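Enquirer: First, the structure itself, so that you have it in front of you.
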Amino acid sequence: MLSDEKKALLAKLELPYPCVAVKFCFEVPDAPHYEGEKLAYCQYVKHAQDTGEKFYITADDDACYGKMSLGMIDKPPVTASGQAGYDFGCYKTPVACQQLYQKLPVLVPHTVNYVEFCPAEQCDFDPDLLFFVADLPQADIIMRATSYISGDLWESKSSPVISCAWMYAYPIISGKVNHITTGFYHGLKRRKAYPAGLRMISVPYQKFDEFFAALKEMDWTLIAFREDAESKADLQRRMDHWQEMARASGSEVHLH
């Protein structure tokens, strides 16, 4: 469960869209079933952000194929043949699109029967993912927090279609944070879920401890980007020390 301290750190980010906690469930979660218009999987995160509601969906509620990447249904033969991606014009041939389905990350089939969504500030369960939609200033902080302690490289894995597989299944399978940019992906763009140019970031449960520890500890505005005199002087002292270290080792430093 997210502590009050962790929720406060998320609130401090002042995101344009609230962070959403996501839980993949075998049994019915303790939440209301979504009863609105049938949506594509990617739109349910937006619904949680817009309404502030906690709810769950089933495979029957998904109007697209997010349910496939979560292993809720098997890969439909026609879609997996690559025909849809070809007809949409995303790939030159069906077989080119079929490569996606050969490599698609999918959670263990038929182990996810329900998906629970809730704005993180109201979350009263242990989430599997924290999902962010952020402008660049906030995205910079979020991404730095994912590598500040571990030194993990930032990687982005995705595909023109079924981007949901890379944002919901892949992080759980790999234990890695994934991030993409809105405006590139067919389903998200077609449904006008978000304006183009935002960062979507998915942080899996394996990274939560490190992520929140980093948010609490690290400088959100790095010293090189601060304009106050004290920070400028401190940075200069640090840079002067680099030169001392370089001279002692018979080398040079060319950073300014």
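Chain labels run A, B, ... following the order of the structure tokens; each chain numbers its residues from 1, and ligands are numbered from 1 in the order shown.
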Please provide as a list in words all residues within 10 Å of Glu155 in chain A, with the sequence filter that same-chain residues fewer than 2 positions apart are discarded (counting only C-alpha atoms).

Expert: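 Neighbouring residues, sequence-local ones excluded: Asp152, Leu153, Lys157, Lys176, Val177, Asn178, His179 and Ile180 of chain A.
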
Enquirer: Just want the 9 Å neighbourhood of range 81-87 of chain A, counted on only C-alpha atoms, with same-chain residues fewer than 5 positions away dropped. Output as a list in words.

Expert: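 Listed by chain and then number, they are Pro76, Lys92, Thr93, Pro94, Val95, Ala96, Cys97, Gln98, Gln99, Leu100, Tyr101, Pro160 and Val161 of chain A.
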
Enquirer: Could you save the residues just selected, with C-alpha atoms, as a compact mmCIF listing (two decimals), in the first residue's frame?

Expert:
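For reference, out31.txt as written:
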# COMPACT_ATOMS: atom_id res chain seq x y z
CA PRO A 76 -6.71 -13.68 -32.12
CA LYS A 92 4.32 -2.75 -45.49
CA THR A 93 3.17 -6.35 -45.29
CA PRO A 94 1.17 -8.51 -42.86
CA VAL A 95 4.28 -10.58 -42.12
CA ALA A 96 6.14 -7.45 -41.02
CA CYS A 97 3.38 -6.69 -38.54
CA GLN A 98 3.32 -10.34 -37.50
CA GLN A 99 6.84 -9.88 -36.11
CA LEU A 100 5.29 -7.79 -33.35
CA TYR A 101 3.11 -10.68 -32.25
CA PRO A 160 3.59 1.41 -33.62
CA VAL A 161 0.58 -0.66 -32.54

Enquirer: Neighbours of range 167-172 of chain A within 10 Å (only C-alpha atoms; same-chain residues fewer than 2 positions away dropped), as number ranges by chain?

Expert: A: 22, 24, 42, 66, 68-71, 104-108, 128-131, 156-158, 162-165, 174-180, 200-207

Enquirer: Which value, in Å to one decimal, gives the distance between CA of Phe211 in chain A and CA of Ala145 in chain A?

Expert: 5.3 Å

Enquirer: By how many Å are CA of Cys123 in chain A and CA of Lys54 in chain A apart?

Expert: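 Computing it gives 8.1 Å between the two atoms.
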
Enquirer: Env of Lys7 in chain A: 12 Å cut, atoms = only C-alpha atoms, seq-sep filter 5 positions within chain, self excluded. Answer as a PyMOL selection string.

Expert: chain A and resi 1-2+12-14+18-21+119-124+130+212+215-216

Enquirer: When you count only C-alpha atoms, which of these residues is closest to Phe208 in chain A: A:Leu15, A:Ala229, A:Lys38, A:Asp126?

Expert: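 Between A:Leu15, A:Ala229, A:Lys38, A:Asp126, the residue approaching Phe208 in chain A most closely is A:Asp126.
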
Enquirer: Within range 37-219 of chain A, find each residue whose DSSP state, derived from the backbone, is helix (DSSP H, G or I), and express the selection as number ranges by chain.

Expert: A: 41-51, 59-61, 66-69, 77-80, 83-87, 94-103, 120-122, 136-147, 163-174, 186-190, 205-217

Enquirer: Distance CA of Ser249 in chain A-CA of Gly151 in chain A, one decimal place?

Expert: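 Interatomic distance here is 25.5 Å.
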
Enquirer: According to DSSP computed on the backbone, where in range 20-247 of chain A is there strand (DSSP E or B)? Give the residues as a ChimeraX atom specification.

Expert: /A:20-25,33,39,55-57,62,114-119,129-134,178-181,199-204
